[in-house]
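Engineer: The structure is given below, and queries will be raised subsequently.
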Amino acid sequence: MAKLYLEKLKCVTTEGWSGFDEPRLVVQDRGTVWNGTVLGDRMYTVKYDCDFTGRIAVSLGDDGGPDGDGRPGRQWITDTPGERSLHFRADGAEYRLLFAVE
């Protein structure tokens with residue numbers, strides 16, 4: 001069994017014309033683990049951890065999208081140990097999720 005640590009979310013650019021987004025991190029079978037209002041070019045602390053086996057899906061959605069369910073993407077994290085990052089891009093928004101697996 002591996003342990004996933006979601007550490008920080010970097011908002012590189014927002015998609016919102018207002019200059020902010022409302023991203024939501026969803027972990028497979030665990031629901032929303034972090035959400036908030038963010039500005040571009042800022043780093044936000046997530047601080048979430050969970051156990052998993054094999055691989056686990058992480059999705060980034062945008063509650064502030066026109067339909068309330070914008071999805072810059074879903075990606076898979078494997079149980080390979082180490083510190084890594086995921087990149088999410090859609091509709092002009094760009095995010096980087098920093099995480100570690102033990």
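Identifiers in the structure tokens: chain A, B, ... in order shown; residue index from 1 per chain; ligand index from 1 in order shown.
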If you take only C-alpha atoms and a cut-off of 8 Å, which residues of range 18-40 of chain A touch range 57-62 of chain A, and what are their nearest atom pairs and distances in Å to one decimal, in chain and number order, as JSON lines?
Structural biologist:
```
{"residue": "A:Asp21", "atom": "CA", "partner": "A:Asp62", "partner_atom": "CA", "distance": 6.8}
{"residue": "A:Glu22", "atom": "CA", "partner": "A:Asp62", "partner_atom": "CA", "distance": 5.4}
{"residue": "A:Pro23", "atom": "CA", "partner": "A:Asp62", "partner_atom": "CA", "distance": 4.3}
{"residue": "A:Arg24", "atom": "CA", "partner": "A:Gly61", "partner_atom": "CA", "distance": 5.1}
{"residue": "A:Leu25", "atom": "CA", "partner": "A:Leu60", "partner_atom": "CA", "distance": 4.8}
{"residue": "A:Val26", "atom": "CA", "partner": "A:Ser59", "partner_atom": "CA", "distance": 5.0}
{"residue": "A:Val27", "atom": "CA", "partner": "A:Val58", "partner_atom": "CA", "distance": 4.7}
{"residue": "A:Gln28", "atom": "CA", "partner": "A:Ala57", "partner_atom": "CA", "distance": 5.1}
```
Engineer: Which distance in Å separates CA of Ala90 in chain A and CA of Ile56 in chain A, to one decimal?
Structural biologist: 21.1 Å
Engineer: Determine, counting only C-alpha atoms, which protein, DNA and RNA residues have an atom within 12 Å of an atom of Phe52 in chain A; residues of the same chain fewer than 5 positions away are not included. Present the result as number ranges by chain.
Structural biologist: A: 1-5, 27-30, 57, 76-80, 101-102
Engineer: Fewer than 2 positions away in the same chain doesn't count, so skip those; otherwise give me all residues within 8 Å of Ala100 in chain A, counting only C-alpha atoms, as a PDB file with N, CA and C atoms, in the first residue's frame.
Structural biologist:
```pdb
ATOM      1  N   LEU A   4      -0.358   8.717  -0.436  1.00  0.00           N
ATOM      2  CA  LEU A   4      -0.351   9.904  -1.285  1.00  0.00           C
ATOM      3  C   LEU A   4      -0.464  11.145  -0.424  1.00  0.00           C
ATOM      4  N   TYR A   5       0.406  12.107  -0.688  1.00  0.00           N
ATOM      5  CA  TYR A   5       0.363  13.403   0.000  1.00  0.00           C
ATOM      6  C   TYR A   5       0.165  14.487  -1.061  1.00  0.00           C
ATOM      7  N   LEU A   6      -1.015  15.089  -1.105  1.00  0.00           N
ATOM      8  CA  LEU A   6      -1.236  16.251  -1.965  1.00  0.00           C
ATOM      9  C   LEU A   6      -0.772  17.457  -1.164  1.00  0.00           C
ATOM     10  N   GLU A   7       0.190  18.204  -1.699  1.00  0.00           N
ATOM     11  CA  GLU A   7       0.837  19.235  -0.908  1.00  0.00           C
ATOM     12  C   GLU A   7       0.451  20.668  -1.289  1.00  0.00           C
ATOM     13  N   PRO A  81       7.184   5.582  -5.543  1.00  0.00           N
ATOM     14  CA  PRO A  81       7.580   6.580  -4.544  1.00  0.00           C
ATOM     15  C   PRO A  81       8.317   7.772  -5.156  1.00  0.00           C
ATOM     16  N   GLY A  82       8.149   8.943  -4.521  1.00  0.00           N
ATOM     17  CA  GLY A  82       8.864  10.139  -4.936  1.00  0.00           C
ATOM     18  C   GLY A  82       7.997  11.376  -4.911  1.00  0.00           C
ATOM     19  N   GLU A  83       8.653  12.519  -5.146  1.00  0.00           N
ATOM     20  CA  GLU A  83       7.955  13.798  -5.244  1.00  0.00           C
ATOM     21  C   GLU A  83       7.779  14.137  -6.714  1.00  0.00           C
ATOM     22  N   ARG A  84       6.557  14.510  -7.092  1.00  0.00           N
ATOM     23  CA  ARG A  84       6.267  14.802  -8.500  1.00  0.00           C
ATOM     24  C   ARG A  84       5.223  15.905  -8.593  1.00  0.00           C
ATOM     25  N   LEU A  98       1.483  19.766  -6.770  1.00  0.00           N
ATOM     26  CA  LEU A  98       2.681  19.142  -6.214  1.00  0.00           C
ATOM     27  C   LEU A  98       2.256  18.072  -5.216  1.00  0.00           C
ATOM     28  N   GLU A 102       4.711   7.832  -0.927  1.00  0.00           N
ATOM     29  CA  GLU A 102       5.623   6.987  -0.126  1.00  0.00           C
ATOM     30  C   GLU A 102       5.159   5.561  -0.176  1.00  0.00           C
TER      31      GLU A 102
END
```
Engineer: Among chain A, which ones does DSSP assign to strand (DSSP E or B) (computed from the backbone)? Answer as a PyMOL selection string.
Structural biologist: chain A and resi 2-13+20-21+23-27+31-35+38-39+42-52+55-62+70-78+82-90+93-101
Engineer: Which one of A:Thr37, A:Ser18, A:Thr13, A:Thr45 sits closest to Tyr95 in chain A if you count only C-alpha atoms?
Structural biologist: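 Of A:Thr37, A:Ser18, A:Thr13, A:Thr45, the one nearest Tyr95 in chain A is A:Thr13, counting only C-alpha atoms.
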Engineer: For CA of Arg74 in chain A and CA of Thr14 in chain A, determine how far apart the two atoms are, in Å to one decimal place.
Structural biologist: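 Taking CA of Arg74 in chain A and CA of Thr14 in chain A, their separation equals 17.5 Å.
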Engineer: Quote the spacing between CA of Asp41 in chain A and CA of Asp63 in chain A in Å to one decimal place.
Structural biologist: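 Separation of CA of Asp41 in chain A and CA of Asp63 in chain A: 18.9 Å.
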Engineer: Quick one: residues within 6 Å of Leu9 in chain A, only C-alpha atoms, excluding same-chain residues fewer than 3 positions away - as a list in words?
Structural biologist: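 Near Leu9 in chain A, the qualifying residues are Met43, Tyr44, Arg96 and Leu97 of chain A.
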